[in-house]
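First comes the structure, then the notes that go with it.
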Amino acid sequence: MAFLSGVRVLDLTDERGLLAGRMLADLGADVVQVEPPSGNAARQRAPHRRNSEGEPLANSSYVWEAYAANKRGIVADLDSVEGQEFVRGLAAVADVVIESSGPTVQGPRALDESNLRDDNPRLIYASITAFGRSGPKAGYAESDLIVWAAGGILDEHRDGERPPLRISLPQAFLHAAADAVAGVELALLERDRSGLGQLVDVSAQASLGALTLGRVLSHAVGDVPKDMAVGLTLEGPRIDQSGSGSATDPSLKKWSCKDGIVEFHIGIGPASGGFTNNFLRWMVEEGAPVERFAELDFRQLPELIAYGEFTDEDTVELRAAIANHLGTKTKTEVIDSAIASKLLCVPIFDVDDVRTSLQLQARDFFTTIGDGKRRITLPGPFAKTTVDGFKLPRPAPLLGEHTDEVLAEWLNADEVNSDAPSAPRQASRPLAGLKVVDFSWVVAGPVIGRALADFGATVVRVESASRIETARYMQPFHAGKPGPENSALYGTWNAGKLGLTLNLQLEEGREVARDLIRWADVVIESFSPGLMARWGLDYETIRSDNPRVVMLSTSINGQTGPWSGLAGYGNIGSALSGYQGIVGWPDRGMIGPFGPYTDFIGPRFSLAALLAALRTRATTGEGCYLDVSQVEAGVWFMAPEIADNAANGTVIARAGNADREFAPHGVFPTQLDDRAFDGRRYVAVAVVTDEQWRALAKAIDREDLLSDTELETAPGRRDRTSEIAAAITKWTSTRDAADVERILQNAGVPAHVSASSADFCTDPQLAARSHLVRLPHPLHGETTVEGPRYLLSRTPGQVQRAAPTFGQDNEFVLRELLHYDQQQVTTLDEKGVLR
């Protein structure tokens, strides 16, 4: 039986929220998609199915077919009294309602959260909007690009002197929709105790802050953005010691090979220098003339640079040798060598490479469903499990396809009566009492444990003070001072957890870990596949002592398949899932998404699977194992492009800030500003309706453009993108960025400043949502972290404490949770186990 069997979901979303319902459906819920008589707006979104002449078909969108799959479909005219009453009747027997229009649209129809929960106190109402349901920007005109700018991630995508860039596919609301799934599941877990539903309020802007690798916090913790930039060599104002090369010029991580482009960052410092050592040893084995570089330990290279013992000239020579060597290799040879020699180096895949990937084929990731014209290829389950937790998909519904059967099933009087709520009990935090051991590191795993801690779980973060984890070396730093106790990135994703330092290289350390696992309900790990088994900490071993445990493993490619042994950070994941090639200007090379992009997608799917498994465990008493691949999670966010490629061979390409449908659509410079990072600030502008185009032309004093009939529709405007962009730039470049945003928003035109960290930290909308949380810190006095990304109205998440310093809670965990006596603790300490 699938994880969420028996849960009824009424889905009122358009393309901004469709993914949430699809994920819940795949987890087993009965999701009913409500469409107006004219069809869901998502049916109009690109990419489209095509006819025999290759022309797009109207009302046949791969966005719809990808993210409405596995749902049943009904038709209701929500602008009519009859349609509203029909939906109210269904909501009265539903467990969950999801919407993406916000209170200003749903409210007048009497279908908003408070109205529907009057009829059904058990109802969980999830709202997915650009900025949240309340606050000064709740009514902003918006789009994917606007939210991308407001969330702080747009500003991190730079290619020289040109404006910041988005990923060339809509992504913002996919992150928010996936977050909504976790919010719904938390509310379901809480309702199982209290008997009451609540509102789940998700802001896409708040969801996107996580994508910046903590950069949005630099202003709050006193780091200086210009000092976080790195020049065109290994040396710069601050040396990049992240494995993903997040602070390195993106062009320096892209290398030509015989048949494509390779992603490779020359990692240095303790976090990633070892992988560069491996790379140079491989080059020597292959006969490349790099012996003198191979003799260096790149884990210690920052010190050599600081003392002038490794110069820019050395960098130029090394890069030339690497370029020459990679130029002799094919993409297949590169990936084979990466697996064999543990290299952080992979070919950059386009969507065709992704769909035909040997790894994804080996894991049976893609599934083809439907017959005839409804046949479509889509991503399969987003986690491998040891139980039947997922429901096999079926094609997206035809318009009104299931209206009669849903009406018969959902409004059955006997069934309604049998589902009457129990007497409500006192509310508690959704995960109160849950015990979690978090063995994960950097971002992809710690994000999961952080969310569990926010909602009441006791989370023990296991790390080593002698083999320090990568995130502790990553900026931003408190007061701009690098150090393993100073990272705000580490701080934000480990807040609320207890800290235990443990040397897992020692058998005594692993024995402590086994005791922790016996204590735990949940185990999270993100080590290289196979390592937990070598330590005797794999699921098959630990379940014999703790059959109720739910174990989640997250890795680049998953635990099985020919490429499962591939090491890497999320930049490697984004190369193999198709994202590196679709960020950049069409007339320049690819720059790829900022940082380890799939590290921000994987946790959202991991958390959805984990929370669903916990709800099932509460019924069955049995645990399970969950295997999540970052690459597979990334592919879910381009499911429509996979379907288009399978059917038509289409390969999505980078397009700067242009959109496949909307125009004008771009990021424009404003007046010079000494406070800006490079002396110039930018504003994103996205026109998504013809009415907004007319408002924009008036706002920029170009009403003459309105008499041009070619510009009346988006296709005509796309054909004259350069001309329109020049007109907008002429107007924006003489004005303050905040004024541009204000003027255009007042005119009803989607616009937002490309938010810097200072903008994000002082944003009145985020302040209204209390998104940034200040906490006492034992070393810094005070620190700032991001708050929960989903706001639950009755049982909100709370950040209880700052992330632990090294070994901060050793005594408490060992004495109070595991009940060791003092002599045991002292002995472990003397043997070096607690390091």
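Letters for chains follow the order of the structure tokens (A, B, ...), residue numbers begin at 1 for each chain, and ligand numbers begin at 1 in the order shown.
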Give me, as a Markdown table, the closest atom pair and its distance (Å, one decimal) for every residue of stretch 370-467 of chain A within a cut-off of 12 Å of stretch 802-826 of chain A, counting only C-alpha atoms, rows sorted by chain and rising number.
| residue | atom | partner | partner_atom | distance |
| --- | --- | --- | --- | --- |
| A:Lys435 | CA | A:Leu817 | CA | 10.0 |
| A:Val436 | CA | A:Leu817 | CA | 11.6 |
| A:Val437 | CA | A:Val813 | CA | 10.9 |
| A:Pro446 | CA | A:Ala803 | CA | 11.0 |
| A:Gly449 | CA | A:Ala803 | CA | 11.7 |
| A:Arg450 | CA | A:Ala803 | CA | 9.6 |
| A:Ala453 | CA | A:Ala803 | CA | 11.1 |
| A:Asp454 | CA | A:Ala802 | CA | 11.6 |
| A:Thr458 | CA | A:Leu817 | CA | 10.2 |
| A:Val459 | CA | A:Val813 | CA | 10.3 |
| A:Val460 | CA | A:Val813 | CA | 7.7 |
| A:Arg461 | CA | A:Pro804 | CA | 8.4 |
| A:Val462 | CA | A:Gly807 | CA | 9.2 |
| A:Glu463 | CA | A:Phe806 | CA | 8.2 |
| A:Ser464 | CA | A:Phe806 | CA | 7.9 |
| A:Ala465 | CA | A:Phe806 | CA | 6.3 |
| A:Ser466 | CA | A:Phe806 | CA | 10.1 |
| A:Arg467 | CA | A:Phe806 | CA | 11.6 |
> Could you pull the residues within 12 Å of A:Glu723, counting only C-alpha atoms, minus those fewer than 6 positions along the same chain, as a PyMOL selection string?
Replying inline: chain A and resi 663-664+705+711+716-717+729-730
>> To one decimal place in Å, what is the distance between atom CA of A:Gly558 and atom CA of A:Phe637?
In response: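 Interatomic distance, atom CA of A:Gly558 to atom CA of A:Phe637: 17.3 Å.
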>> Going by DSSP on the backbone, which residues of stretch 57-193 of chain A come out as alpha helix (DSSP H)? List them as a ChimeraX atom specification.
In response: /A:62-67,81-91,103-106,113-119,144-150,172-193
Would you save the residues from that selection as a short mmCIF file (atom, residue, chain, number, x, y, z; two decimals), in the first residue's frame, using C-alpha atoms?
data_model
loop_
_atom_site.label_atom_id
_atom_site.label_comp_id
_atom_site.auth_asym_id
_atom_site.auth_seq_id
_atom_site.Cartn_x
_atom_site.Cartn_y
_atom_site.Cartn_z
CA TYR A 62 3.85 18.86 -21.47
CA VAL A 63 3.79 20.96 -18.28
CA TRP A 64 0.22 19.86 -17.73
CA GLU A 65 0.84 16.27 -18.74
CA ALA A 66 3.96 15.96 -16.56
CA TYR A 67 2.62 17.51 -13.38
CA VAL A 81 -22.58 29.65 -7.60
CA GLU A 82 -23.14 26.06 -8.74
CA GLY A 83 -19.44 25.45 -9.28
CA GLN A 84 -18.54 26.95 -5.94
CA GLU A 85 -21.08 24.80 -4.12
CA PHE A 86 -19.80 21.71 -5.93
CA VAL A 87 -16.23 22.38 -4.80
CA ARG A 88 -17.34 23.24 -1.27
CA GLY A 89 -19.06 19.87 -1.10
CA LEU A 90 -15.88 18.08 -2.17
CA ALA A 91 -13.76 20.11 0.23
CA PRO A 103 -6.71 34.83 -0.84
CA THR A 104 -7.44 37.76 -3.17
CA VAL A 105 -8.81 35.37 -5.80
CA GLN A 106 -10.24 32.54 -3.75
CA GLU A 113 -9.19 28.57 3.96
CA SER A 114 -11.46 29.90 6.69
CA ASN A 115 -14.62 29.26 4.66
CA LEU A 116 -13.78 25.67 3.82
CA ARG A 117 -12.55 24.77 7.29
CA ASP A 118 -15.84 25.99 8.78
CA ASP A 119 -17.43 23.03 6.99
CA ASP A 144 8.90 32.92 -12.19
CA LEU A 145 11.54 35.54 -13.03
CA ILE A 146 10.18 38.02 -10.48
CA VAL A 147 10.30 35.47 -7.67
CA TRP A 148 13.77 34.38 -8.81
CA ALA A 149 14.89 37.98 -8.36
CA ALA A 150 13.14 38.49 -5.01
CA ALA A 172 10.79 29.07 -8.75
CA PHE A 173 7.33 27.65 -8.15
CA LEU A 174 8.58 24.07 -8.43
CA HIS A 175 10.69 24.66 -5.31
CA ALA A 176 7.69 26.18 -3.54
CA ALA A 177 5.33 23.40 -4.62
CA ALA A 178 7.72 20.73 -3.34
CA ASP A 179 8.01 22.63 -0.06
CA ALA A 180 4.21 22.65 0.18
CA VAL A 181 4.21 18.85 0.11
CA ALA A 182 6.34 18.74 3.26
CA GLY A 183 4.08 21.32 4.88
CA VAL A 184 0.99 19.24 4.08
CA GLU A 185 2.58 16.07 5.43
CA LEU A 186 3.59 17.80 8.65
CA ALA A 187 0.02 19.04 9.04
CA LEU A 188 -1.29 15.50 8.42
CA LEU A 189 1.02 14.10 11.10
CA GLU A 190 -0.17 16.76 13.54
CA ARG A 191 -3.81 16.17 12.61
CA ASP A 192 -3.39 12.49 13.41
CA ARG A 193 -2.87 13.65 17.01
#
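Minimum atom-to-atom distance to A:Gln580, evaluated using only C-alpha atoms, belongs to A:Ser168 out of A:Gln630, A:Ser168, A:Thr734, A:Gln426.
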>> Using only C-alpha atoms, can you tell me which of A:Thr598, A:Arg835, A:Asp659, A:Ser337 comes closest to A:Asp719?
In response: A:Asp659
Proximity check stretch 540-649 of chain A to stretch 31-55 of chain A, 8 Å, nearest pairs one decimal Å, only C-alpha atoms, as a tab-separated table:
residue	atom	partner	partner_atom	distance
A:Pro640	CA	A:Pro47	CA	6.9
A:Glu641	CA	A:Pro47	CA	7.1
A:Asp644	CA	A:Pro47	CA	6.9
A:Asn648	CA	A:Arg50	CA	7.8
> Please, what distance in Å, to one decimal, runs between atom CA of A:Leu358 and atom CA of A:Thr332?
Replying inline: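 Pair atom CA of A:Leu358 / atom CA of A:Thr332 returns 10.5 Å.
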> Please, which residues of stretch 712-785 of chain A, numbered as in this document, come out strand (DSSP E) from DSSP, as an MDAnalysis selection string?
Replying inline: chainID A and resid 751:753 772:777 781:785
Can you write out the residues you just picked, keeping all heavy atoms, as a short mmCIF file (atom, residue, chain, number, x, y, z; two decimals), in the first residue's frame?
data_model
loop_
_atom_site.label_atom_id
_atom_site.label_comp_id
_atom_site.auth_asym_id
_atom_site.auth_seq_id
_atom_site.Cartn_x
_atom_site.Cartn_y
_atom_site.Cartn_z
N ALA A 751 7.61 43.14 -11.56
CA ALA A 751 8.96 43.68 -11.50
C ALA A 751 9.49 43.51 -10.08
O ALA A 751 8.73 43.60 -9.11
CB ALA A 751 8.97 45.16 -11.89
N HIS A 752 10.79 43.29 -9.98
CA HIS A 752 11.42 43.22 -8.66
C HIS A 752 12.91 43.45 -8.80
O HIS A 752 13.54 43.01 -9.77
CB HIS A 752 11.18 41.86 -7.99
CG HIS A 752 11.35 41.91 -6.51
ND1 HIS A 752 12.58 41.95 -5.90
CD2 HIS A 752 10.43 41.94 -5.50
CE1 HIS A 752 12.43 42.00 -4.59
NE2 HIS A 752 11.14 42.00 -4.31
N VAL A 753 13.46 44.15 -7.83
CA VAL A 753 14.91 44.33 -7.77
C VAL A 753 15.58 42.95 -7.70
O VAL A 753 15.07 42.04 -7.04
CB VAL A 753 15.28 45.16 -6.52
CG1 VAL A 753 16.79 45.15 -6.29
CG2 VAL A 753 14.77 46.57 -6.64
N LEU A 772 13.68 35.61 8.70
CA LEU A 772 15.03 35.58 9.26
C LEU A 772 14.93 35.58 10.77
O LEU A 772 14.23 36.41 11.37
CB LEU A 772 15.84 36.78 8.76
CG LEU A 772 16.10 36.80 7.25
CD1 LEU A 772 16.97 38.00 6.89
CD2 LEU A 772 16.75 35.51 6.77
N VAL A 773 15.64 34.65 11.39
CA VAL A 773 15.52 34.42 12.83
C VAL A 773 16.87 34.70 13.48
O VAL A 773 17.89 34.12 13.07
CB VAL A 773 15.09 32.98 13.12
CG1 VAL A 773 14.96 32.75 14.62
CG2 VAL A 773 13.78 32.65 12.39
N ARG A 774 16.87 35.58 14.47
CA ARG A 774 18.09 35.87 15.22
C ARG A 774 18.13 34.99 16.47
O ARG A 774 17.14 34.85 17.19
CB ARG A 774 18.14 37.35 15.60
CG ARG A 774 18.10 38.27 14.38
CD ARG A 774 18.42 39.70 14.73
NE ARG A 774 19.83 39.89 15.02
CZ ARG A 774 20.79 40.02 14.09
NH1 ARG A 774 20.47 39.98 12.81
NH2 ARG A 774 22.04 40.19 14.45
N LEU A 775 19.30 34.38 16.69
CA LEU A 775 19.46 33.42 17.78
C LEU A 775 20.70 33.74 18.60
O LEU A 775 21.71 34.20 18.04
CB LEU A 775 19.61 32.00 17.22
CG LEU A 775 18.46 31.44 16.38
CD1 LEU A 775 18.93 30.18 15.66
CD2 LEU A 775 17.26 31.12 17.27
N PRO A 776 20.68 33.48 19.89
CA PRO A 776 21.91 33.60 20.67
C PRO A 776 22.93 32.56 20.20
O PRO A 776 22.56 31.45 19.81
CB PRO A 776 21.47 33.31 22.12
CG PRO A 776 20.01 33.13 22.09
CD PRO A 776 19.53 33.06 20.68
N HIS A 777 24.22 32.94 20.21
CA HIS A 777 25.27 32.03 19.77
C HIS A 777 26.40 32.06 20.79
O HIS A 777 26.83 33.14 21.21
CB HIS A 777 25.80 32.45 18.39
CG HIS A 777 26.66 31.42 17.75
ND1 HIS A 777 27.99 31.22 18.11
CD2 HIS A 777 26.41 30.51 16.77
CE1 HIS A 777 28.50 30.24 17.37
NE2 HIS A 777 27.56 29.80 16.55
N GLY A 781 27.86 35.64 20.02
CA GLY A 781 26.86 36.46 20.71
C GLY A 781 25.49 36.30 20.10
O GLY A 781 24.51 36.04 20.80
N GLU A 782 25.43 36.43 18.79
CA GLU A 782 24.16 36.31 18.08
C GLU A 782 24.44 35.88 16.65
O GLU A 782 25.49 36.19 16.07
CB GLU A 782 23.42 37.65 18.10
CG GLU A 782 21.99 37.58 17.61
CD GLU A 782 21.27 38.91 17.78
OE1 GLU A 782 21.71 39.89 17.14
OE2 GLU A 782 20.28 38.97 18.52
N THR A 783 23.51 35.15 16.09
CA THR A 783 23.62 34.77 14.68
C THR A 783 22.24 34.86 14.04
O THR A 783 21.23 35.04 14.73
CB THR A 783 24.18 33.34 14.53
OG1 THR A 783 24.48 33.09 13.15
CG2 THR A 783 23.19 32.29 15.03
N THR A 784 22.20 34.75 12.72
CA THR A 784 20.94 34.81 11.97
C THR A 784 20.84 33.59 11.09
O THR A 784 21.82 33.21 10.41
CB THR A 784 20.86 36.08 11.12
OG1 THR A 784 20.92 37.23 11.97
CG2 THR A 784 19.57 36.13 10.32
N VAL A 785 19.66 32.98 11.06
CA VAL A 785 19.40 31.83 10.18
C VAL A 785 18.09 32.07 9.46
O VAL A 785 17.28 32.92 9.86
CB VAL A 785 19.32 30.51 10.99
CG1 VAL A 785 20.62 30.27 11.75
CG2 VAL A 785 18.13 30.49 11.93
#
> Which residues come within 12 Å of A:Val635, counting only C-alpha atoms, excluding same-chain residues fewer than 4 positions away, as number ranges by chain?
Replying inline: A: 66, 171, 174, 349-355, 357, 360, 365-366, 378-382, 557, 573-579, 597-598, 601-602, 605, 629-631, 639-643
>> Just checking: using only C-alpha atoms, which residue out of A:Ile517, A:Leu154, A:Leu280, A:Leu301 ends up closest to A:His325?
In response: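 Smallest separation from A:His325 among the options: A:Leu280.
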